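Novice: What follows is a single structure, and I will ask about it in a moment.
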Amino acid sequence: MASYFKYRVLGIVLAVCAIPQLSNAQAASSISFMPLPTGATACASGPAGVVGGVACYVSPLTPNADIWTINEPRVNTSETDYQQIHVTSGDLVSVFAGGCVQTGGSGLTWKRYVVPITGGLTHDEDHLYYGSIAIDGAIPQQRLKNAMTHGAFEVLSASTNSFVRLFYSDNGYSDNGYSGRDNGTFYQCDRLPEAFVVLAIQHGCVGRSAAAGPCFRGLALDLTANGQDANGLANNPTWTWSKLTSTLAPVVQLCSLSFKLAGMGEDNFSLCASNTQKNTYFGCWNDSTAGEIRGHVNFGPVGYQVSNAPSQNTSLNLDAHEWDDDDYTWNLERADAALYTSGRPDKIQMEFDSDETIDHFGSPSWQSIHSAVDAGGSGYPKLNDQMKGASAIVVGEAGVDCPHGCIPEIHPVYGLAIHMPGSTMDDDSWVFFARNWGDEGYCGRGQVSFQTATLNFFLPELFASGIQITSQAVDGYAVPGNPTLSLVAKEGAVLSIPLADPSKKSFVDGQIHLKWTRTLPKLTREREVEVSQFPYDPAKVAAGNIGEETEDDEAFDESVRKLSIADQLRLHALAATPKVPTQKLNVAIVATATKVPAKQPLPTEPIPDAAYSDRIQRARQALTTIEPKQ
């Protein structure tokens, strides 16, 4: 069974959906990097276990979806019929594929199954070495790459011939297969598995037979969420792949990302996501292999919330303060594994450049946090001990950091509101900052913007009927007005912070203490509610897929570690950006909360940041003038 976290709420009866147990029939997945999710059951029309590389299970998160997995589809023939994979009218069919194939011959002969590199500088050619698919009444015969970028196909008129047919294009088939593994022509198969196809068939999603439950149509790494935050952004989103398959998204495999020889073009996310922007820096220290994606791939701003139990700090704690880019890196954990990937199956991280944010914050709470971080120590105890029992609201850019394995992040953070431990109805303490701009560290140093004039935090308080501000200390830079606080009856309040155009680099930081009044309905009481975890077992995630972020310049960081604490602080000061002047602000209570329409804006194109390059250069020069302690 899935493990559980417990939260305390006032006595509202909440239904908790139990994760189903495995049925007597054996559910299975045939693909090594796609472990069977906890609670999966066997498909009614599927095989018992894995038969001929084919398996099927019912998705625990989307129980109207049959997930068919095909490992090593046949490539020694032009066509293979999978009559056991049949669709019916009203279905939605999503196609995912990737991996590599042995195409025969001498030398390096493996090629990517979906987007092969067959010669020259192009990713593929039009006549050889690629897979195709067809389903009568749903998918006209087409290349797998086109089927993947189409999104879900509607089945409008199924027939007895509406089964899956896979094709492979080659000028000779006898020596094709999966033996004699190598890194592939132009090394295009380095780090990629053998070829695979995954089909998610959602029943009852089209026409008069459409089901009442959710149906998902996006590409594998399109974001999906059950609601919006106070800014109209997707709230605690996850990937379409994860919603459909109930497994963590294997980014590298789904997007067919691979290392390649010099001269080969970089890969992109067109196979697996509808809308992305890349923030890249070609001088990234960690990027020494040709063909790797050299920056951050962004999906747009999102809302995200985490909370800690009073005894632990793993859901919101500082993991690192990077010397090379001055980023504060915080671990975030959620029971539903929102935005997690198989490359980082236990958390995501949020990051923000301290030179853009906390180094300039003037409010006492943020200065205290700054000092606690600078005190250092294993696990930053002076800060993380303060975070035990805290919760947080995060607004930031959702993306993957590809120089570090395409692992998921919220980076940059545009807004952070920390609900401080020990808060009560009479003294409810929040520490926050807000902006609409920021960089993404050394490997994504261009500015990424959130095009909004107001950043909002929803501060929850069940059955709230009144609110007072008992004290506040708020500072800001280049902002057009003061923040406001507005009551949302029976739910909480919205803290709205006006911001200038992102080019002005405005920000607000502060702390606010609130006093709430509450009107309780009759027959309420406190009770515990169980919230189930995402149905996967981290221990079953394939070895080698976990991509923790590594230091961007190990030699530089090792030199820094040899310095005394005093010299380390001196180096940090020499590399820091000069402090900007701030102004005192005053939060006022207003009658009506701002209504924000749902939106999902893309980040702006990255722009050069000369100041960043200068800061790194000054840090390196400073290092050469300091003698390490022996």
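Within each chain, counting starts at residue 1; across the structure tokens, chains are named A, B, ... in the order shown, with ligands numbered 1 upward in that order.
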Determine, counting only C-alpha atoms, which protein, DNA and RNA residues have an atom within 7 Å of an atom of Thr454 in chain A; residues of the same chain fewer than 3 positions away are not included. Present the result as a ChimeraX atom specification.

Specialist: /A:496-499

Novice: If you run DSSP on the backbone, which residues of range 251-455 of chain A are strand (DSSP E), as a PyMOL selection string?

Specialist: chain A and resi 277-280+295-307+316-321+327-332+348-353+391-401+407-419+428-435+454-455

Novice: Could you pull out the alpha helix (DSSP H) residues of range 214-406 of chain A, going by DSSP on the backbone, and write them as a PyMOL selection string?

Specialist: chain A and resi 240-245+251-254+364-374+381-384

Novice: Can you spit out the residues from that selection as a PDB file, in the first residue's frame, using C-alpha atoms?

Specialist:
ATOM      1  CA  THR A 240       0.412  14.557 -18.791  1.00  0.00           C
ATOM      2  CA  TRP A 241       2.554  11.402 -18.884  1.00  0.00           C
ATOM      3  CA  SER A 242       2.346  11.032 -15.098  1.00  0.00           C
ATOM      4  CA  LYS A 243      -1.421  11.570 -15.030  1.00  0.00           C
ATOM      5  CA  LEU A 244      -1.926   8.951 -17.737  1.00  0.00           C
ATOM      6  CA  THR A 245       0.560   6.262 -16.719  1.00  0.00           C
ATOM      7  CA  VAL A 251      12.359  13.022 -19.582  1.00  0.00           C
ATOM      8  CA  VAL A 252      15.438  11.846 -21.494  1.00  0.00           C
ATOM      9  CA  GLN A 253      13.671   8.796 -22.914  1.00  0.00           C
ATOM     10  CA  LEU A 254      10.389  10.550 -23.794  1.00  0.00           C
ATOM     11  CA  PRO A 364      14.372  42.031   9.489  1.00  0.00           C
ATOM     12  CA  SER A 365      13.044  38.519   8.830  1.00  0.00           C
ATOM     13  CA  TRP A 366      14.866  38.163   5.528  1.00  0.00           C
ATOM     14  CA  GLN A 367      18.048  39.611   7.002  1.00  0.00           C
ATOM     15  CA  SER A 368      17.788  36.974   9.730  1.00  0.00           C
ATOM     16  CA  ILE A 369      17.352  34.230   7.121  1.00  0.00           C
ATOM     17  CA  HIS A 370      20.330  35.617   5.208  1.00  0.00           C
ATOM     18  CA  SER A 371      22.525  35.486   8.321  1.00  0.00           C
ATOM     19  CA  ALA A 372      21.365  31.959   9.145  1.00  0.00           C
ATOM     20  CA  VAL A 373      22.361  30.764   5.669  1.00  0.00           C
ATOM     21  CA  ASP A 374      25.741  32.489   5.778  1.00  0.00           C
ATOM     22  CA  PRO A 381      21.022  24.051  10.796  1.00  0.00           C
ATOM     23  CA  LYS A 382      20.516  27.683  11.802  1.00  0.00           C
ATOM     24  CA  LEU A 383      18.030  28.080   8.968  1.00  0.00           C
ATOM     25  CA  ASN A 384      16.520  24.626   8.494  1.00  0.00           C
TER      26      ASN A 384
END

Novice: Of the candidates A:Gln188, A:Ser45, A:Thr238, A:Ser32, which shows the shortest atom-to-atom distance to Pro116 in chain A, using only C-alpha atoms?

Specialist: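 Closest candidate: A:Gln188.
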
Novice: List the neighbours of range 419-428 of chain A out to 8 Å using only C-alpha atoms; skip same-chain residues closer than 4 positions along the sequence, and give me the result as a PyMOL selection string.

Specialist: chain A and resi 310+386-392+470+513-517

Novice: What would the file look like if the residues just selected were written as an mmCIF file, in the first residue's frame with C-alpha atoms?

Specialist:
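Saved to again-v4.cif:
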data_model
loop_
_atom_site.group_PDB
_atom_site.id
_atom_site.type_symbol
_atom_site.label_atom_id
_atom_site.label_comp_id
_atom_site.auth_asym_id
_atom_site.auth_seq_id
_atom_site.Cartn_x
_atom_site.Cartn_y
_atom_site.Cartn_z
ATOM 1 C CA PRO A 310 6.671 20.108 13.092
ATOM 2 C CA GLN A 386 13.635 27.310 11.870
ATOM 3 C CA MET A 387 11.753 25.721 8.957
ATOM 4 C CA LYS A 388 10.481 22.731 10.957
ATOM 5 C CA GLY A 389 6.717 23.028 10.866
ATOM 6 C CA ALA A 390 6.758 25.704 8.152
ATOM 7 C CA SER A 391 4.735 25.665 4.953
ATOM 8 C CA ALA A 392 5.309 27.651 1.803
ATOM 9 C CA THR A 470 -1.046 43.467 13.915
ATOM 10 C CA HIS A 513 1.649 39.325 11.385
ATOM 11 C CA LEU A 514 -2.100 38.704 11.178
ATOM 12 C CA LYS A 515 -4.933 38.159 13.638
ATOM 13 C CA TRP A 516 -7.892 36.150 12.366
ATOM 14 C CA THR A 517 -11.441 35.770 13.537
#

Novice: Any idea what's packed within 10 Å of range 163-180 of chain A, counting only C-alpha atoms, ignoring anything in its chain fewer than 3 positions away? Could you give it as a PyMOL selection string?

Specialist: chain A and resi 72-88+100-105+108-110+113+126-139+141-144+158-160+194-195+197+199

Novice: Determine, counting only C-alpha atoms, which protein, DNA and RNA residues have an atom within 8 Å of an atom of range 432-437 of chain A; residues of the same chain fewer than 2 positions away are not included. Present the result as a PyMOL selection string.

Specialist: chain A and resi 412+414-418+430+439+447-452+455+497+499+501-503+505-511

Novice: Fewer than 3 positions away in the same chain doesn't count, so skip those; otherwise give me all residues within 8 Å of range 149-151 of chain A, counting only C-alpha atoms, as an MDAnalysis selection string.

Specialist: chainID A and resid 94:95 145:146 217:219 270:274

Novice: If we count only C-alpha atoms and set the cut-off at 12 Å, which residues sit around Gly227 in chain A, ignoring sequence neighbours fewer than 3 positions away in its own chain? Please answer as a list in words.

Specialist: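 Listed by chain and then number, they are Leu223, Thr224, Ala230, Asn231, Gly232, Leu233, Ala234, Asn235, Asn236, Pro237, Thr238, Val302, Gly303, Tyr304, Pro597, Ala598 and Lys599 of chain A.
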
Novice: Generate the output file for the selected residues, C-alpha atoms, as a tab-separated table (two decimals), in the first residue's frame.

Specialist:
chain	number	residue	atom	x	y	z
A	223	LEU	CA	1.55	20.43	-17.72
A	224	THR	CA	-1.81	19.52	-16.27
A	230	ALA	CA	-4.24	33.10	-6.92
A	231	ASN	CA	-2.38	34.28	-10.05
A	232	GLY	CA	-4.43	32.18	-12.45
A	233	LEU	CA	-1.51	29.77	-12.92
A	234	ALA	CA	-1.59	25.99	-12.98
A	235	ASN	CA	-1.46	24.98	-9.31
A	236	ASN	CA	0.74	22.04	-8.22
A	237	PRO	CA	0.84	20.76	-11.80
A	238	THR	CA	2.33	17.55	-13.08
A	302	VAL	CA	3.24	27.85	-11.96
A	303	GLY	CA	2.00	27.83	-8.38
A	304	TYR	CA	3.31	25.22	-5.93
A	597	PRO	CA	-8.30	35.02	-14.92
A	598	ALA	CA	-6.55	31.74	-15.63
A	599	LYS	CA	-3.41	32.22	-17.68

Novice: Figure out the distance between CA of Tyr281 in chain A and CA of His296 in chain A, please, to one decimal in Å.

Specialist: 9.1 Å
